[in-house]
file query_8.pdb (PDB, C-alpha atoms)
ATOM      1  CA  MET Y   1     -18.593  11.035  -6.702
ATOM      2  CA  LYS Y   2     -19.838  13.439  -4.026
ATOM      3  CA  LYS Y   3     -19.699  10.555  -1.512
ATOM      4  CA  ILE Y   4     -15.958  10.162  -2.142
ATOM      5  CA  LEU Y   5     -15.149  13.883  -2.477
ATOM      6  CA  GLY Y   6     -16.794  14.831   0.840
ATOM      7  CA  PRO Y   7     -14.721  12.518   3.079
ATOM      8  CA  ALA Y   8     -11.534  13.285   1.129
ATOM      9  CA  LEU Y   9     -12.046  17.041   1.556
ATOM     10  CA  PHE Y  10     -12.792  16.524   5.248
ATOM     11  CA  ALA Y  11      -9.546  14.530   5.649
ATOM     12  CA  VAL Y  12      -7.530  17.277   3.943
ATOM     13  CA  LEU Y  13      -9.061  19.922   6.212
ATOM     14  CA  ILE Y  14      -8.263  17.824   9.274
ATOM     15  CA  LEU Y  15      -4.652  17.380   8.119
ATOM     16  CA  CYS Y  16      -4.246  21.092   7.385
ATOM     17  CA  GLY Y  17      -5.789  22.036  10.702
ATOM     18  CA  SER Y  18      -3.598  19.606  12.587
ATOM     19  CA  THR Y  19      -0.343  21.084  11.287
ATOM     20  CA  GLY Y  20      -0.810  24.089  13.543
ATOM     21  CA  TYR Y  21      -1.398  21.805  16.499
ATOM     22  CA  ALA Y  22       1.649  19.640  15.675
ATOM     23  CA  GLN Y  23       3.889  22.635  16.320
ATOM     24  CA  GLN Y  24       2.588  22.825  19.906
ATOM     25  CA  VAL Y  25       3.440  19.218  20.711
ATOM     26  CA  LYS Y  26       6.351  18.902  23.127
ATOM     27  CA  LEU Y  27       7.951  15.460  23.191
ATOM     28  CA  GLY Y  28      10.493  14.101  25.620
ATOM     29  CA  TYR Y  29      12.268  10.882  26.407
ATOM     30  CA  VAL Y  30      13.839   9.275  29.424
ATOM     31  CA  ASN Y  31      15.744   6.083  30.102
ATOM     32  CA  SER Y  32      13.870   4.770  33.139
ATOM     33  CA  SER Y  33      16.446   2.004  33.716
ATOM     34  CA  LEU Y  34      19.191   4.591  33.985
ATOM     35  CA  LEU Y  35      17.036   6.693  36.297
ATOM     36  CA  ILE Y  36      16.241   3.754  38.583
ATOM     37  CA  SER Y  37      19.896   2.708  38.656
ATOM     38  CA  VAL Y  38      20.866   6.028  40.304
ATOM     39  CA  MET Y  39      18.023   6.145  42.820
ATOM     40  CA  PRO Y  40      19.173   5.560  46.429
ATOM     41  CA  GLU Y  41      16.058   3.443  47.076
ATOM     42  CA  ARG Y  42      17.313   0.957  44.490
ATOM     43  CA  ASP Y  43      20.531   0.415  46.459
ATOM     44  CA  SER Y  44      18.524  -0.350  49.590
ATOM     45  CA  ALA Y  45      16.297  -2.770  47.662
ATOM     46  CA  GLN Y  46      19.377  -4.432  46.123
ATOM     47  CA  THR Y  47      20.939  -4.925  49.560
ATOM     48  CA  LYS Y  48      17.780  -6.583  50.912
ATOM     49  CA  TYR Y  49      17.471  -8.727  47.782
ATOM     50  CA  GLN Y  50      21.083  -9.902  47.999
ATOM     51  CA  ALA Y  51      20.703 -10.788  51.694
ATOM     52  CA  PHE Y  52      17.603 -12.835  50.892
ATOM     53  CA  ALA Y  53      19.388 -14.519  47.969
ATOM     54  CA  LEU Y  54      22.340 -15.445  50.198
ATOM     55  CA  GLU Y  55      19.997 -16.951  52.791
ATOM     56  CA  LEU Y  56      18.332 -19.102  50.136
ATOM     57  CA  GLN Y  57      21.726 -20.037  48.667
ATOM     58  CA  ASP Y  58      22.921 -21.205  52.096
ATOM     59  CA  GLN Y  59      19.823 -23.375  52.517
ATOM     60  CA  LEU Y  60      20.275 -24.835  49.036
ATOM     61  CA  GLU Y  61      23.940 -25.561  49.676
ATOM     62  CA  GLY Y  62      22.961 -27.336  52.902
ATOM     63  CA  LEU Y  63      20.534 -29.566  51.021
ATOM     64  CA  GLU Y  64      23.088 -30.235  48.274
ATOM     65  CA  THR Y  65      25.745 -31.115  50.877
ATOM     66  CA  GLU Y  66      23.328 -33.519  52.549
ATOM     67  CA  MET Y  67      22.565 -35.047  49.157
ATOM     68  CA  GLY Y  68      26.254 -35.383  48.304
ATOM     69  CA  THR Y  69      27.083 -36.962  51.661
ATOM     70  CA  LYS Y  70      24.263 -39.506  51.434
ATOM     71  CA  LEU Y  71      25.101 -40.315  47.806
ATOM     72  CA  GLN Y  72      28.783 -40.825  48.642
ATOM     73  CA  LYS Y  73      27.881 -43.077  51.596
ATOM     74  CA  TYR Y  74      25.485 -45.065  49.382
ATOM     75  CA  GLN Y  75      28.136 -45.521  46.684
ATOM     76  CA  ASN Y  76      30.731 -46.647  49.220
ATOM     77  CA  GLU Y  77      28.404 -49.152  50.924
ATOM     78  CA  VAL Y  78      26.124 -50.302  48.081
ATOM     79  CA  ASN Y  79      27.845 -53.691  47.843
ATOM     80  CA  THR Y  80      27.132 -54.420  51.504
ATOM     81  CA  TYR Y  81      23.372 -53.789  51.251
ATOM     82  CA  GLY Y  82      20.792 -56.450  50.709
ATOM     83  CA  GLU Y  83      18.201 -55.936  47.966
ATOM     84  CA  ALA Y  84      15.549 -54.409  50.273
ATOM     85  CA  ILE Y  85      17.957 -51.974  51.968
ATOM     86  CA  ARG Y  86      19.489 -50.954  48.614
ATOM     87  CA  ALA Y  87      16.008 -50.234  47.221
ATOM     88  CA  GLN Y  88      15.126 -48.205  50.331
ATOM     89  CA  LYS Y  89      18.370 -46.176  50.139
ATOM     90  CA  GLU Y  90      17.784 -45.466  46.419
ATOM     91  CA  LYS Y  91      14.238 -44.342  47.192
ATOM     92  CA  GLU Y  92      15.552 -41.990  49.912
ATOM     93  CA  LEU Y  93      18.162 -40.567  47.502
ATOM     94  CA  ASN Y  94      15.521 -39.988  44.827
ATOM     95  CA  GLU Y  95      13.234 -38.263  47.332
ATOM     96  CA  LEU Y  96      16.095 -36.070  48.550
ATOM     97  CA  SER Y  97      17.027 -35.234  44.962
ATOM     98  CA  ASN Y  98      13.420 -34.238  44.289
ATOM     99  CA  ARG Y  99      13.416 -32.074  47.440
ATOM    100  CA  VAL Y 100      16.576 -30.314  46.276
ATOM    101  CA  ASN Y 101      15.056 -29.637  42.841
ATOM    102  CA  GLU Y 102      11.760 -28.451  44.336
ATOM    103  CA  PHE Y 103      13.617 -26.157  46.730
ATOM    104  CA  ARG Y 104      15.694 -24.745  43.862
ATOM    105  CA  GLN Y 105      12.531 -23.936  41.872
ATOM    106  CA  ALA Y 106      10.709 -22.487  44.886
ATOM    107  CA  ALA Y 107      13.755 -20.402  45.800
ATOM    108  CA  GLN Y 108      13.913 -18.926  42.291
ATOM    109  CA  GLN Y 109      10.221 -18.103  42.441
ATOM    110  CA  ASP Y 110      10.680 -16.516  45.885
ATOM    111  CA  LEU Y 111      13.612 -14.463  44.568
ATOM    112  CA  ASP Y 112      11.539 -13.208  41.640
ATOM    113  CA  GLU Y 113       8.669 -12.249  43.950
ATOM    114  CA  MET Y 114      11.044 -10.546  46.398
ATOM    115  CA  GLU Y 115      12.603  -8.517  43.585
ATOM    116  CA  GLN Y 116       9.183  -7.380  42.393
ATOM    117  CA  THR Y 117       8.104  -6.512  45.935
ATOM    118  CA  LEU Y 118      11.268  -4.525  46.641
ATOM    119  CA  MET Y 119      11.422  -2.744  43.278
ATOM    120  CA  ARG Y 120       7.722  -1.856  42.951
ATOM    121  CA  PRO Y 121       7.943   1.250  45.211
ATOM    122  CA  VAL Y 122      11.143   2.386  43.466
ATOM    123  CA  ILE Y 123       9.540   2.079  40.028
ATOM    124  CA  GLU Y 124       6.375   3.828  41.220
ATOM    125  CA  LYS Y 125       8.418   6.708  42.652
ATOM    126  CA  ALA Y 126      10.331   7.050  39.367
ATOM    127  CA  ASN Y 127       7.080   7.003  37.351
ATOM    128  CA  GLU Y 128       5.479   9.605  39.612
ATOM    129  CA  ALA Y 129       8.515  11.879  39.236
ATOM    130  CA  ILE Y 130       8.503  11.452  35.447
ATOM    131  CA  GLN Y 131       4.806  12.335  35.293
ATOM    132  CA  LYS Y 132       5.271  15.359  37.557
ATOM    133  CA  VAL Y 133       8.209  16.659  35.500
ATOM    134  CA  ALA Y 134       6.276  16.087  32.273
ATOM    135  CA  LYS Y 135       3.235  18.008  33.565
ATOM    136  CA  ASP Y 136       5.276  20.796  35.147
ATOM    137  CA  ASN Y 137       7.264  21.323  31.928
ATOM    138  CA  GLY Y 138       4.334  21.049  29.492
ATOM    139  CA  PHE Y 139       5.310  17.845  27.713
ATOM    140  CA  THR Y 140       2.669  16.191  25.552
ATOM    141  CA  ALA Y 141       4.308  12.771  25.670
ATOM    142  CA  ILE Y 142       7.360  11.107  27.199
ATOM    143  CA  PHE Y 143       8.939   8.043  25.622
ATOM    144  CA  ASP Y 144      10.851   5.506  27.682
ATOM    145  CA  LEU Y 145      14.059   4.419  25.962
ATOM    146  CA  ALA Y 146      14.384   1.455  28.342
ATOM    147  CA  ALA Y 147      11.102   0.002  27.079
ATOM    148  CA  GLY Y 148      12.573  -0.210  23.577
ATOM    149  CA  ALA Y 149       9.415   1.140  21.970
ATOM    150  CA  LEU Y 150      11.138   4.187  20.497
ATOM    151  CA  LEU Y 151      13.006   3.135  17.371
ATOM    152  CA  TYR Y 152      14.202   6.590  16.389
ATOM    153  CA  TYR Y 153      14.324   9.991  17.970
ATOM    154  CA  ASP Y 154      15.843  13.290  16.954
ATOM    155  CA  THR Y 155      17.593  14.839  19.939
ATOM    156  CA  ALA Y 156      17.169  18.266  18.338
ATOM    157  CA  THR Y 157      13.365  18.059  18.516
ATOM    158  CA  MET Y 158      12.949  15.962  21.654
ATOM    159  CA  THR Y 159      14.095  16.655  25.182
ATOM    160  CA  ASP Y 160      15.811  14.208  27.498
ATOM    161  CA  ILE Y 161      14.035  14.775  30.806
ATOM    162  CA  LEU Y 162      16.372  12.545  32.855
ATOM    163  CA  PRO Y 163      18.245  15.540  34.330
ATOM    164  CA  LEU Y 164      14.931  17.170  35.295
ATOM    165  CA  VAL Y 165      13.628  13.992  36.942
ATOM    166  CA  LYS Y 166      16.917  13.478  38.803
ATOM    167  CA  THR Y 167      16.622  17.038  40.092
ATOM    168  CA  ALA Y 168      13.025  16.404  41.141
ATOM    169  CA  LEU Y 169      14.194  13.358  43.085
ATOM    170  CA  ASN Y 170      17.221  15.225  44.546
ATOM    171  CA  ILE Y 171      19.676  12.836  42.876
ATOM    172  CA  THR Y 172      23.063  14.391  42.226
ATOM    173  CA  LYS Y 173      24.889  11.444  40.611
TER
END
call {"tool": "encode", "arguments": {"input": "query_8.pdb", "output": "structure tokens"}}
result
Amino acid sequence: MKKILGPALFAVLILCGSTGYAQQVKLGYVNSSLLISVMPERDSAQTKYQAFALELQDQLEGLETEMGTKLQKYQNEVNTYGEAIRAQKEKELNELSNRVNEFRQAAQQDLDEMEQTLMRPVIEKANEAIQKVAKDNGFTAIFDLAAGALLYYDTATMTDILPLVKTALNITK
């Protein structure tokens, strides 16, 4: 009985002692996606990303045009080819089709990598500003609404630090 009573009493004392500490906890939240969307660095990164995407799109369209032209020529002349030439032309079309598909996949991978490379400094700057604002204003914890981890929050007991972070980053929008 004493073995059960001791830990239970200890738990009650811990809970009672922690109620005083709970009143000192200062919680805040921020929507990091909204913050990043108003950062000027994001616009610059978006411009570079879109230029890169257009360049890849042009290259892909060139390959697709080449494929379409060769396919159309093959379809128009297939009846004039002998068996060996027809087989060779079909092999070339298949290889070109594979090249187009491989380029499409590589281009998507390159776009994803470019986006990460361009956005990494923007995200790091936002995170650094959030941490600085949290420390400077005595917050115990900051929740990110964009991460979707916060299922409920009471705006009366939590503080939205987005305006403070925007001020820290000199963003007026």
call {"tool": "resolve_selection", "arguments": {"input": "query_8.pdb", "expression": "the PyMOL selection byres ((chain Y and resi 37) around 12)", "output": "PyMOL selection string"}}
result
chain Y and resi 31-36+38-46+119+122-123+126+146+162+166+171+173
call {"tool": "write_last_selection", "arguments": {"input": "query_8.pdb", "atoms": "C-alpha atoms", "output": "tab-separated table (two decimals), in the frame of the given file"}}
result
chain	number	residue	atom	x	y	z
Y	31	ASN	CA	15.74	6.08	30.10
Y	32	SER	CA	13.87	4.77	33.14
Y	33	SER	CA	16.45	2.00	33.72
Y	34	LEU	CA	19.19	4.59	33.98
Y	35	LEU	CA	17.04	6.69	36.30
Y	36	ILE	CA	16.24	3.75	38.58
Y	38	VAL	CA	20.87	6.03	40.30
Y	39	MET	CA	18.02	6.14	42.82
Y	40	PRO	CA	19.17	5.56	46.43
Y	41	GLU	CA	16.06	3.44	47.08
Y	42	ARG	CA	17.31	0.96	44.49
Y	43	ASP	CA	20.53	0.42	46.46
Y	44	SER	CA	18.52	-0.35	49.59
Y	45	ALA	CA	16.30	-2.77	47.66
Y	46	GLN	CA	19.38	-4.43	46.12
Y	119	MET	CA	11.42	-2.74	43.28
Y	122	VAL	CA	11.14	2.39	43.47
Y	123	ILE	CA	9.54	2.08	40.03
Y	126	ALA	CA	10.33	7.05	39.37
Y	146	ALA	CA	14.38	1.46	28.34
Y	162	LEU	CA	16.37	12.54	32.85
Y	166	LYS	CA	16.92	13.48	38.80
Y	171	ILE	CA	19.68	12.84	42.88
Y	173	LYS	CA	24.89	11.44	40.61
call {"tool": "atom_distance", "arguments": {"input": "query_8.pdb", "atom1": "atom CA of Y:Val25", "atom2": "atom CA of Y:Thr140"}}
result
5.8 Å
call {"tool": "residues_around", "arguments": {"input": "query_8.pdb", "residues": "Y:Lys91", "least_positions_apart": "6", "cutoff": "12 Å", "atoms": "only C-alpha atoms", "output": "ChimeraX atom specification"}}
result
/Y:70-71,74,84-85,97-98
call {"tool": "atom_distance", "arguments": {"input": "query_8.pdb", "atom1": "atom CA of Y:Ala168", "atom2": "atom CA of Y:Lys132"}}
result
8.6 Å
call {"tool": "closest_residue", "arguments": {"input": "query_8.pdb", "among": "Y:Glu66, Y:Glu92, Y:Glu115, Y:Asp144", "to": "Y:Ala51", "atoms": "all atoms listed in the file"}}
result
Y:Glu115
call {"tool": "residues_near_point", "arguments": {"input": "query_8.pdb", "point": "(16.5, -10.0, 47.5)", "cutoff": "12 Å", "atoms": "all atoms listed in the file", "output": "MDAnalysis selection string"}}
result
chainID Y and resid 42:57 107:119
call {"tool": "build_atoms", "arguments": {"input": "query_8.pdb", "residues": "stretch 41-77 of chain Y", "atoms": "N, CA and C atoms", "output": "compact mmCIF listing (two decimals), in the frame of the given file"}}
result
# COMPACT_ATOMS: atom_id res chain seq x y z
N GLU Y 41 16.98 4.50 46.65
CA GLU Y 41 16.06 3.44 47.08
C GLU Y 41 16.39 2.11 46.40
N ARG Y 42 16.94 2.17 45.21
CA ARG Y 42 17.31 0.96 44.49
C ARG Y 42 18.45 0.24 45.23
N ASP Y 43 19.42 1.01 45.72
CA ASP Y 43 20.53 0.42 46.46
C ASP Y 43 20.03 -0.32 47.69
N SER Y 44 19.10 0.28 48.40
CA SER Y 44 18.52 -0.35 49.59
C SER Y 44 17.79 -1.64 49.21
N ALA Y 45 17.02 -1.58 48.13
CA ALA Y 45 16.30 -2.77 47.66
C ALA Y 45 17.28 -3.85 47.24
N GLN Y 46 18.36 -3.47 46.56
CA GLN Y 46 19.38 -4.43 46.12
C GLN Y 46 20.02 -5.12 47.31
N THR Y 47 20.31 -4.37 48.36
CA THR Y 47 20.94 -4.92 49.56
C THR Y 47 20.02 -5.96 50.20
N LYS Y 48 18.74 -5.64 50.33
CA LYS Y 48 17.78 -6.58 50.91
C LYS Y 48 17.63 -7.82 50.03
N TYR Y 49 17.60 -7.61 48.73
CA TYR Y 49 17.47 -8.73 47.78
C TYR Y 49 18.68 -9.66 47.89
N GLN Y 50 19.87 -9.09 47.93
CA GLN Y 50 21.08 -9.90 48.00
C GLN Y 50 21.16 -10.68 49.31
N ALA Y 51 20.72 -10.08 50.41
CA ALA Y 51 20.70 -10.79 51.69
C ALA Y 51 19.74 -11.97 51.64
N PHE Y 52 18.58 -11.76 51.04
CA PHE Y 52 17.60 -12.84 50.89
C PHE Y 52 18.15 -13.94 49.98
N ALA Y 53 18.81 -13.55 48.90
CA ALA Y 53 19.39 -14.52 47.97
C ALA Y 53 20.47 -15.35 48.65
N LEU Y 54 21.30 -14.71 49.47
CA LEU Y 54 22.34 -15.44 50.20
C LEU Y 54 21.74 -16.45 51.18
N GLU Y 55 20.67 -16.05 51.85
CA GLU Y 55 20.00 -16.95 52.79
C GLU Y 55 19.47 -18.19 52.06
N LEU Y 56 18.83 -17.97 50.91
CA LEU Y 56 18.33 -19.10 50.14
C LEU Y 56 19.48 -19.96 49.60
N GLN Y 57 20.56 -19.31 49.18
CA GLN Y 57 21.73 -20.04 48.67
C GLN Y 57 22.32 -20.92 49.76
N ASP Y 58 22.41 -20.40 50.97
CA ASP Y 58 22.92 -21.20 52.10
C ASP Y 58 22.05 -22.44 52.34
N GLN Y 59 20.74 -22.25 52.31
CA GLN Y 59 19.82 -23.38 52.52
C GLN Y 59 19.98 -24.41 51.41
N LEU Y 60 20.11 -23.92 50.18
CA LEU Y 60 20.27 -24.84 49.04
C LEU Y 60 21.59 -25.60 49.15
N GLU Y 61 22.65 -24.89 49.52
CA GLU Y 61 23.94 -25.56 49.68
C GLU Y 61 23.88 -26.62 50.78
N GLY Y 62 23.13 -26.35 51.84
CA GLY Y 62 22.96 -27.34 52.90
C GLY Y 62 22.28 -28.59 52.39
N LEU Y 63 21.23 -28.41 51.60
CA LEU Y 63 20.53 -29.57 51.02
C LEU Y 63 21.44 -30.33 50.05
N GLU Y 64 22.19 -29.59 49.24
CA GLU Y 64 23.09 -30.24 48.27
C GLU Y 64 24.22 -30.99 48.98
N THR Y 65 24.71 -30.43 50.09
CA THR Y 65 25.74 -31.12 50.88
C THR Y 65 25.19 -32.40 51.46
N GLU Y 66 23.98 -32.32 52.01
CA GLU Y 66 23.33 -33.52 52.55
C GLU Y 66 23.16 -34.58 51.46
N MET Y 67 22.75 -34.13 50.29
CA MET Y 67 22.56 -35.05 49.16
C MET Y 67 23.90 -35.69 48.77
N GLY Y 68 24.93 -34.87 48.68
CA GLY Y 68 26.25 -35.38 48.30
C GLY Y 68 26.79 -36.38 49.32
N THR Y 69 26.61 -36.08 50.59
CA THR Y 69 27.08 -36.96 51.66
C THR Y 69 26.36 -38.31 51.61
N LYS Y 70 25.04 -38.26 51.48
CA LYS Y 70 24.26 -39.51 51.43
C LYS Y 70 24.56 -40.31 50.17
N LEU Y 71 24.77 -39.62 49.06
CA LEU Y 71 25.10 -40.32 47.81
C LEU Y 71 26.47 -40.98 47.92
N GLN Y 72 27.44 -40.27 48.47
CA GLN Y 72 28.78 -40.83 48.64
C GLN Y 72 28.74 -42.05 49.55
N LYS Y 73 28.00 -41.95 50.66
CA LYS Y 73 27.88 -43.08 51.60
C LYS Y 73 27.23 -44.27 50.89
N TYR Y 74 26.17 -44.00 50.11
CA TYR Y 74 25.48 -45.06 49.38
C TYR Y 74 26.45 -45.75 48.41
N GLN Y 75 27.21 -44.96 47.67
CA GLN Y 75 28.14 -45.52 46.68
C GLN Y 75 29.24 -46.34 47.35
N ASN Y 76 29.68 -45.91 48.51
CA ASN Y 76 30.73 -46.65 49.22
C ASN Y 76 30.22 -47.95 49.83
N GLU Y 77 28.94 -48.00 50.20
CA GLU Y 77 28.40 -49.15 50.92
C GLU Y 77 27.40 -49.98 50.12
